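Containing PDB, C-alpha atoms and all ligand atoms: input.pdb.
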```pdb
MODEL        1
ATOM      1  CA  MET A1438     172.062  76.302  50.679
ATOM      2  CA  ALA A1439     174.277  75.129  53.531
ATOM      3  CA  MET A1440     173.810  76.697  56.994
ATOM      4  CA  GLU A1441     177.255  78.296  56.939
ATOM      5  CA  ALA A1442     176.514  79.974  53.612
ATOM      6  CA  TRP A1443     173.137  81.250  54.887
ATOM      7  CA  SER A1444     174.783  82.547  58.078
ATOM      8  CA  LYS A1445     177.427  84.392  56.097
ATOM      9  CA  LEU A1446     174.810  85.895  53.756
ATOM     10  CA  LEU A1447     172.314  86.965  56.419
ATOM     11  CA  GLY A1448     174.384  87.139  59.601
ATOM     12  CA  GLY A1449     174.497  89.768  62.319
ATOM     13  CA  TRP A1450     172.975  87.860  65.226
ATOM     14  CA  ASP A1451     175.685  88.399  67.792
ATOM     15  CA  GLY A1452     175.791  85.545  70.340
ATOM     16  CA  PHE A1453     173.632  83.240  68.220
ATOM     17  CA  GLU A1454     174.104  80.990  65.219
ATOM     18  CA  LEU A1455     171.802  79.697  62.529
ATOM     19  CA  ILE A1456     170.766  76.064  62.846
ATOM     20  CA  ASP A1457     167.771  75.761  60.521
ATOM     21  CA  VAL A1458     165.851  77.530  57.750
ATOM     22  CA  GLU A1459     162.179  76.821  57.135
ATOM     23  CA  GLU A1460     160.591  77.912  53.868
ATOM     24  CA  HIS A1461     156.867  78.650  53.749
ATOM     25  CA  PRO A1462     156.033  79.507  50.118
ATOM     26  CA  VAL A1463     152.739  81.070  49.082
ATOM     27  CA  GLY A1464     149.865  78.612  49.372
ATOM     28  CA  PRO A1465     146.180  78.371  50.270
ATOM     29  CA  THR A1466     146.914  79.224  53.915
ATOM     30  CA  GLN A1467     150.067  81.263  53.286
ATOM     31  CA  PRO A1468     149.301  84.562  51.510
ATOM     32  CA  ILE A1469     152.816  85.929  52.018
ATOM     33  CA  PRO A1470     155.943  83.796  51.543
ATOM     34  CA  GLU A1471     157.868  83.448  54.795
ATOM     35  CA  LEU A1472     161.277  82.297  55.884
ATOM     36  CA  VAL A1473     161.755  81.180  59.469
ATOM     37  CA  LEU A1474     165.374  81.222  60.585
ATOM     38  CA  ARG A1475     166.043  79.259  63.739
ATOM     39  CA  LEU A1476     169.003  80.272  65.860
ATOM     40  CA  ARG A1477     170.649  78.804  68.907
ATOM     41  CA  ALA A1478     172.841  80.460  71.490
ATOM     42  CA  ILE A1479     176.523  79.956  70.701
ATOM     43  CA  PRO A1480     177.837  77.668  73.454
ATOM     44  CA  GLY A1481     180.161  79.525  75.811
ATOM     45  CA  HIS A1482     179.225  82.981  74.491
ATOM     46  CA  PRO A1483     178.896  85.262  77.555
ATOM     47  CA  LYS A1484     175.414  86.534  78.400
ATOM     48  CA  ARG A1485     174.950  90.054  79.697
ATOM     49  CA  CYS A1486     172.270  91.684  81.824
ATOM     50  CA  SER A1487     170.046  93.933  79.683
ATOM     51  CA  ARG A1488     169.799  96.456  82.528
ATOM     52  CA  CYS A1489     173.370  96.930  83.808
ATOM     53  CA  GLY A1490     175.391  95.220  81.066
ATOM     54  CA  ALA A1491     177.303  92.979  83.466
ATOM     55  CA  GLU A1492     178.185  89.448  82.430
ATOM     56  CA  VAL A1493     175.875  86.996  84.185
ATOM     57  CA  VAL A1494     176.406  83.266  84.506
ATOM     58  CA  ALA A1495     173.169  82.286  86.301
ATOM     59  CA  ILE A1496     170.357  81.548  83.833
ATOM     60  CA  HIS A1497     166.857  81.427  85.315
ATOM     61  CA  ASP A1498     165.101  79.998  82.276
ATOM     62  CA  VAL A1499     164.965  80.259  78.495
ATOM     63  CA  ALA A1500     161.933  81.130  76.358
ATOM     64  CA  GLU A1501     161.564  80.912  72.584
ATOM     65  CA  ARG A1502     161.172  84.325  70.904
ATOM     66  CA  ARG A1503     159.914  85.070  67.402
ATOM     67  CA  VAL A1504     160.825  88.437  65.882
ATOM     68  CA  ARG A1505     160.824  89.960  62.406
ATOM     69  CA  ASP A1506     164.046  90.665  60.526
ATOM     70  CA  LEU A1507     164.770  92.280  57.181
ATOM     71  CA  ALA A1508     163.085  90.439  54.337
ATOM     72  CA  VAL A1509     165.225  88.012  52.356
ATOM     73  CA  PHE A1510     164.309  88.902  48.783
ATOM     74  CA  ASP A1511     160.474  88.987  48.841
ATOM     75  CA  TRP A1512     160.158  86.602  51.767
ATOM     76  CA  ASP A1513     158.977  87.997  55.095
ATOM     77  CA  THR A1514     161.666  86.757  57.434
ATOM     78  CA  TRP A1515     161.232  85.688  61.030
ATOM     79  CA  ILE A1516     163.908  84.829  63.550
ATOM     80  CA  VAL A1517     163.150  82.240  66.220
ATOM     81  CA  PHE A1518     165.726  82.158  68.983
ATOM     82  CA  PRO A1519     166.059  81.213  72.654
ATOM     83  CA  ARG A1520     166.167  84.253  74.927
ATOM     84  CA  ALA A1521     167.418  83.676  78.448
ATOM     85  CA  ARG A1522     166.158  85.250  81.634
ATOM     86  CA  LEU A1523     169.083  85.856  83.932
ATOM     87  CA  GLU A1524     169.596  86.188  87.659
ATOM     88  CA  CYS A1525     171.756  89.287  87.731
ATOM     89  CA  PRO A1526     173.519  89.693  91.108
ATOM     90  CA  ARG A1527     173.051  93.457  90.855
ATOM     91  CA  CYS A1528     169.587  93.842  89.243
ATOM     92  CA  GLY A1529     167.791  90.606  90.107
ATOM     93  CA  PRO A1530     165.782  88.807  87.404
ATOM     94  CA  THR A1531     166.342  90.384  83.981
ATOM     95  CA  VAL A1532     166.420  89.275  80.366
ATOM     96  CA  GLU A1533     169.712  88.878  78.561
ATOM     97  CA  ALA A1534     170.926  91.744  76.401
ATOM     98  CA  VAL A1535     170.469  91.002  72.698
ATOM     99  CA  PRO A1536     172.187  93.877  70.860
ATOM    100  CA  TRP A1537     170.599  93.164  67.474
ATOM    101  CA  LEU A1538     167.066  93.212  68.903
ATOM    102  CA  ASP A1539     164.991  96.399  68.906
ATOM    103  CA  ARG A1540     164.231  97.466  72.447
ATOM    104  CA  TYR A1541     160.473  97.938  72.192
ATOM    105  CA  GLN A1542     159.297  96.224  69.041
ATOM    106  CA  ARG A1543     159.330  92.568  68.179
ATOM    107  CA  MET A1544     161.880  92.996  65.426
ATOM    108  CA  THR A1545     165.604  93.350  64.817
ATOM    109  CA  THR A1546     167.271  96.752  65.075
ATOM    110  CA  ARG A1547     168.190  96.678  61.385
ATOM    111  CA  LEU A1548     164.548  96.221  60.379
ATOM    112  CA  ALA A1549     163.423  98.953  62.808
ATOM    113  CA  GLU A1550     166.030 101.339  61.349
ATOM    114  CA  LYS A1551     164.946 100.603  57.787
ATOM    115  CA  VAL A1552     161.280 101.178  58.634
ATOM    116  CA  ALA A1553     162.162 104.477  60.336
ATOM    117  CA  ARG A1554     164.239 105.613  57.321
ATOM    118  CA  LEU A1555     161.368 104.949  54.935
ATOM    119  CA  THR A1556     158.913 106.946  57.069
ATOM    120  CA  MET A1557     161.037 109.996  56.265
ATOM    121  CA  VAL A1558     159.939 109.821  52.618
ATOM    122  CA  LEU A1559     156.716 107.778  52.569
ATOM    123  CA  PRO A1560     153.372 107.931  54.385
ATOM    124  CA  ILE A1561     153.188 105.685  57.419
ATOM    125  CA  ARG A1562     150.353 103.578  55.983
ATOM    126  CA  HIS A1563     152.406 102.833  52.854
ATOM    127  CA  VAL A1564     155.407 101.781  54.922
ATOM    128  CA  ALA A1565     153.173  99.632  57.137
ATOM    129  CA  ALA A1566     151.619  97.964  54.084
ATOM    130  CA  TRP A1567     154.986  97.323  52.462
ATOM    131  CA  PHE A1568     156.439  95.618  55.539
ATOM    132  CA  HIS A1569     153.151  93.970  56.587
ATOM    133  CA  LEU A1570     153.378  95.796  59.901
ATOM    134  CA  HIS A1571     150.676  97.418  61.997
ATOM    135  CA  TRP A1572     150.232 101.175  61.504
ATOM    136  CA  ASP A1573     150.830 101.805  65.234
ATOM    137  CA  THR A1574     154.150  99.956  65.115
ATOM    138  CA  VAL A1575     155.417 102.083  62.225
ATOM    139  CA  LYS A1576     154.125 105.252  63.876
ATOM    140  CA  GLN A1577     156.041 104.472  67.067
ATOM    141  CA  LEU A1578     159.247 103.795  65.145
ATOM    142  CA  ASP A1579     158.814 107.041  63.212
ATOM    143  CA  ARG A1580     158.210 109.037  66.394
ATOM    144  CA  ARG A1581     161.228 107.518  68.131
ATOM    145  CA  ALA A1582     163.509 108.185  65.161
ATOM    146  CA  LEU A1583     162.281 111.765  65.018
ATOM    147  CA  HIS A1584     162.993 112.200  68.718
ATOM    148  CA  THR A1585     166.494 110.787  68.216
ATOM    149  CA  ARG A1586     167.187 113.146  65.312
ATOM    150  CA  LEU A1587     165.886 116.241  67.080
ATOM    151  CA  GLY A1588     167.274 115.401  70.518
ATOM    152  CA  PRO A1589     165.474 115.977  73.793
ATOM    153  CA  ILE A1590     163.677 119.292  74.139
ATOM    154  CA  THR A1591     163.813 120.415  77.762
ATOM    155  CA  ALA A1592     162.943 123.615  79.588
ATOM    156  CA  GLU A1593     166.673 124.248  80.057
ATOM    157  CA  SER A1594     167.463 123.799  76.371
ATOM    158  CA  LEU A1595     164.789 126.374  75.511
ATOM    159  CA  ALA A1596     165.962 128.987  78.026
ATOM    160  CA  ASP A1597     167.834 131.059  75.424
ATOM    161  CA  VAL A1598     165.242 130.812  72.648
ATOM    162  CA  ARG A1599     163.997 134.289  71.693
ATOM    163  CA  LEU A1600     162.922 134.088  68.045
ATOM    164  CA  LEU A1601     160.773 131.327  66.637
ATOM    165  CA  VAL A1602     159.879 130.620  63.033
ATOM    166  CA  ILE A1603     156.765 128.537  62.441
ATOM    167  CA  ASP A1604     156.058 127.277  58.949
ATOM    168  CA  ASP A1605     153.962 124.749  57.057
ATOM    169  CA  PHE A1606     155.375 122.914  54.075
ATOM    170  CA  ALA A1607     153.910 120.407  51.660
ATOM    171  CA  ILE A1608     155.191 116.856  51.581
ATOM    172  CA  GLN A1609     154.345 113.957  49.281
ATOM    173  CA  LYS A1610     153.389 116.221  46.363
ATOM    174  CA  GLY A1611     151.079 118.351  48.462
ATOM    175  CA  HIS A1612     148.923 115.495  49.736
ATOM    176  CA  ARG A1613     150.088 116.100  53.271
ATOM    177  CA  TYR A1614     151.670 118.910  55.212
ATOM    178  CA  ALA A1615     154.169 119.221  57.970
ATOM    179  CA  THR A1616     154.609 122.078  60.408
ATOM    180  CA  VAL A1617     158.026 122.931  61.732
ATOM    181  CA  ILE A1618     159.049 125.265  64.547
ATOM    182  CA  VAL A1619     162.644 126.466  64.420
ATOM    183  CA  ASP A1620     164.785 128.514  66.780
ATOM    184  CA  LEU A1621     165.753 131.311  64.379
ATOM    185  CA  THR A1622     169.005 132.118  66.167
ATOM    186  CA  THR A1623     170.494 128.620  66.245
ATOM    187  CA  LYS A1624     168.477 127.149  63.323
ATOM    188  CA  ARG A1625     167.640 124.274  65.611
ATOM    189  CA  VAL A1626     164.435 122.385  64.799
ATOM    190  CA  LEU A1627     162.359 122.334  67.985
ATOM    191  CA  TRP A1628     159.207 120.620  66.819
ATOM    192  CA  VAL A1629     157.821 118.898  63.746
ATOM    193  CA  HIS A1630     154.261 117.822  63.212
ATOM    194  CA  ARG A1631     152.911 115.922  60.227
ATOM    195  CA  GLY A1632     149.277 116.149  59.216
ATOM    196  CA  GLN A1633     147.002 119.089  58.572
ATOM    197  CA  ARG A1634     148.329 122.524  57.823
ATOM    198  CA  LEU A1635     148.688 124.240  61.151
ATOM    199  CA  ARG A1636     147.184 127.490  59.964
ATOM    200  CA  SER A1637     144.065 125.707  58.690
ATOM    201  CA  SER A1638     143.757 123.454  61.726
ATOM    202  CA  ALA A1639     140.820 124.126  64.027
ATOM    203  CA  SER A1640     142.809 122.650  66.900
ATOM    204  CA  GLU A1641     145.773 124.927  66.427
ATOM    205  CA  PRO A1642     146.279 125.987  70.053
ATOM    206  CA  THR A1643     146.317 122.441  71.397
ATOM    207  CA  THR A1644     148.560 121.019  68.662
ATOM    208  CA  LEU A1645     151.453 123.186  69.706
ATOM    209  CA  PRO A1646     153.848 121.562  72.194
ATOM    210  CA  SER A1647     153.545 122.809  75.730
ATOM    211  CA  HIS A1648     157.157 123.964  75.793
ATOM    212  CA  SER A1649     156.452 126.365  72.937
ATOM    213  CA  ARG A1650     155.196 128.714  75.624
ATOM    214  CA  ILE A1651     158.660 130.009  76.254
ATOM    215  CA  SER A1652     159.233 132.733  78.776
ATOM    216  CA  GLY A1653     161.062 135.709  77.350
ATOM    217  CA  LEU A1654     159.960 134.935  73.793
ATOM    218  CA  LEU A1655     160.167 138.062  71.650
ATOM    219  CA  THR A1656     158.708 137.127  68.289
ATOM    220  CA  ALA A1657     156.946 134.268  66.602
ATOM    221  CA  SER A1658     156.163 134.436  62.912
ATOM    222  CA  LEU A1659     153.781 132.323  60.853
TER     223      LEU A1659
HETATM  224 ZN    ZN B   1     172.184  93.675  85.946
ENDMDL
END
```
Would you write out, as structure tokens, the structure that this file holds?
Amino acid sequence: MAMEAWSKLLGGWDGFELIDVEEHPVGPTQPIPELVLRLRAIPGHPKRCSRCGAEVVAIHDVAERRVRDLAVFDWDTWIVFPRARLECPRCGPTVEAVPWLDRYQRMTTRLAEKVARLTMVLPIRHVAAWFHLHWDTVKQLDRRALHTRLGPITAESLADVRLLVIDDFAIQKGHRYATVIVDLTTKRVLWVHRGQRLRSSASEPTTLPSHSRISGLLTASL
């Protein structure tokens, strides 16, 4: 397939363009089929500081990066691209902003989002096995997505909480449980924990978040 056709099919690497595709089919030393997509920076495309977002002209150096992307069919897909370190006049040495790259993991944002979506319905170890990712990586993505969905829980945001509902519910056909704590007045979910049933957990007092000790709390039910 021609590069332009591949780029159109796969696409989404803002600031970069596809220059080569390497195929590594299953073989004696290749248990999983892999595609390696090599990108280059589009000449003249402005580079921005990853810290302040300002356009920066001065490039300190460029290093090759290898990150995972969504699989193409059943092929694990890797992106190899040059990432520049910039000399930002405001921030000093920084790396360039790459909007399609996940901030903390060595993968694209679209892969990170897909992994996080699947952790909502599947056990973490199954998701990790499916994507050939480390359990810790999937766990971090799941935790971050959960934090994003629930929003930050601060002392100020809990000031008006008076009635809590605490409940366990079965997930994955009863193989696992989750515990949820909800502000009864606003129906806001304050805390979710997957794992053992809270009421059967020997470590119950320490598994509760510290901010569950809310001053002025009237009732908590289990
Ligand atoms: Zn900057």
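Residues of protein, DNA or RNA having any atom at most 9 Å from ligand ZN 1 (chain B), counting only C-alpha atoms and all ligand atoms, are Arg1485, Cys1486, Ser1487, Arg1488, Cys1489, Gly1490, Ala1491, Glu1492, Val1493, Leu1523, Glu1524, Cys1525, Pro1526, Arg1527, Cys1528, Gly1529, Pro1530 and Thr1531 of chain A.
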Protein and nucleic acid residues near (166.4, 113.6, 65.9) (cut-off 12 Å, only C-alpha atoms) as a ChimeraX atom specification: /A:1553-1554,1557,1579-1590,1625-1629
Can you translate the PyMOL selection byres (((chain A and resi 1620-1623) around 8) and not hetatm) into the concrete residues it hits in this file, as an MDAnalysis selection string? chainID A and resid 1598:1602 1618:1619 1624:1627
Please produce an output containing C-alpha atoms for each residue in the selection, written as a PDB file, keeping the file's coordinate frame.
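Final output, saved to result-v5.pdb:
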```
ATOM      1  CA  VAL A1598     165.242 130.812  72.648  1.00  0.00           C
ATOM      2  CA  ARG A1599     163.997 134.289  71.693  1.00  0.00           C
ATOM      3  CA  LEU A1600     162.922 134.088  68.045  1.00  0.00           C
ATOM      4  CA  LEU A1601     160.773 131.327  66.637  1.00  0.00           C
ATOM      5  CA  VAL A1602     159.879 130.620  63.033  1.00  0.00           C
ATOM      6  CA  ILE A1618     159.049 125.265  64.547  1.00  0.00           C
ATOM      7  CA  VAL A1619     162.644 126.466  64.420  1.00  0.00           C
ATOM      8  CA  LYS A1624     168.477 127.149  63.323  1.00  0.00           C
ATOM      9  CA  ARG A1625     167.640 124.274  65.611  1.00  0.00           C
ATOM     10  CA  VAL A1626     164.435 122.385  64.799  1.00  0.00           C
ATOM     11  CA  LEU A1627     162.359 122.334  67.985  1.00  0.00           C
TER      12      LEU A1627
END
```
Excluding Glu1454 of chain A and residues on its chain fewer than 4 positions from it, collect all residues at most 10 Å away from it, counting all atoms listed in the file, and give them as a ChimeraX atom specification. /A:1440-1441,1444,1448-1450,1474-1480,1518
Set the distance at 8 Å and use only C-alpha atoms: which residues neighbour Ala1615 of chain A once local chain neighbours fewer than 5 positions away are removed? I'd like the list as an MDAnalysis selection string. chainID A and resid 1605:1608 1629:1634
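Here the PyMOL selection byres (((chain A and resi 1498-1510) around 8) and not hetatm) captures the residues Leu1472, Ile1496, His1497, Asp1511, Trp1512, Asp1513, Thr1514, Trp1515, Ile1516, Val1517, Phe1518, Pro1519, Arg1520, Ala1521, Arg1522, Leu1523, Arg1543, Met1544, Thr1545, Arg1547 and Leu1548 of chain A.
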Next, the residues of the selection above should be written as a PDB file, in the coordinates of the input with C-alpha atoms.
```
ATOM      1  CA  LEU A1472     161.277  82.297  55.884  1.00  0.00           C
ATOM      2  CA  ILE A1496     170.357  81.548  83.833  1.00  0.00           C
ATOM      3  CA  HIS A1497     166.857  81.427  85.315  1.00  0.00           C
ATOM      4  CA  ASP A1511     160.474  88.987  48.841  1.00  0.00           C
ATOM      5  CA  TRP A1512     160.158  86.602  51.767  1.00  0.00           C
ATOM      6  CA  ASP A1513     158.977  87.997  55.095  1.00  0.00           C
ATOM      7  CA  THR A1514     161.666  86.757  57.434  1.00  0.00           C
ATOM      8  CA  TRP A1515     161.232  85.688  61.030  1.00  0.00           C
ATOM      9  CA  ILE A1516     163.908  84.829  63.550  1.00  0.00           C
ATOM     10  CA  VAL A1517     163.150  82.240  66.220  1.00  0.00           C
ATOM     11  CA  PHE A1518     165.726  82.158  68.983  1.00  0.00           C
ATOM     12  CA  PRO A1519     166.059  81.213  72.654  1.00  0.00           C
ATOM     13  CA  ARG A1520     166.167  84.253  74.927  1.00  0.00           C
ATOM     14  CA  ALA A1521     167.418  83.676  78.448  1.00  0.00           C
ATOM     15  CA  ARG A1522     166.158  85.250  81.634  1.00  0.00           C
ATOM     16  CA  LEU A1523     169.083  85.856  83.932  1.00  0.00           C
ATOM     17  CA  ARG A1543     159.330  92.568  68.179  1.00  0.00           C
ATOM     18  CA  MET A1544     161.880  92.996  65.426  1.00  0.00           C
ATOM     19  CA  THR A1545     165.604  93.350  64.817  1.00  0.00           C
ATOM     20  CA  ARG A1547     168.190  96.678  61.385  1.00  0.00           C
ATOM     21  CA  LEU A1548     164.548  96.221  60.379  1.00  0.00           C
TER      22      LEU A1548
END
```
Check which residues satisfy the PyMOL selection byres (((chain A and resi 1458) around 6) and not hetatm) in the file shown, then give them as number ranges by chain. A: 1457, 1459, 1473-1474
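We find atom CA of Val1564 of chain A and atom CA of Ile1469 of chain A to be spaced 16.3 Å apart.
Taking atom CA of Leu1446 of chain A and atom CA of Gln1467 of chain A as endpoints, the distance between them is 25.2 Å.
Across the structure, atom CA of Leu1555 of chain A and atom CA of His1571 of chain A are spaced 14.9 Å apart.
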Give the padded box for segment 1450-1465 of chain A as lines of an AutoDock Vina configuration file: axis-aligned, covering all atoms listed in the file, 3 Å on each side, centre and edge lengths in Å to one decimal.
```
center_x = 161.0
center_y = 82.1
center_z = 59.7
size_x = 35.6
size_y = 18.6
size_z = 27.3
```
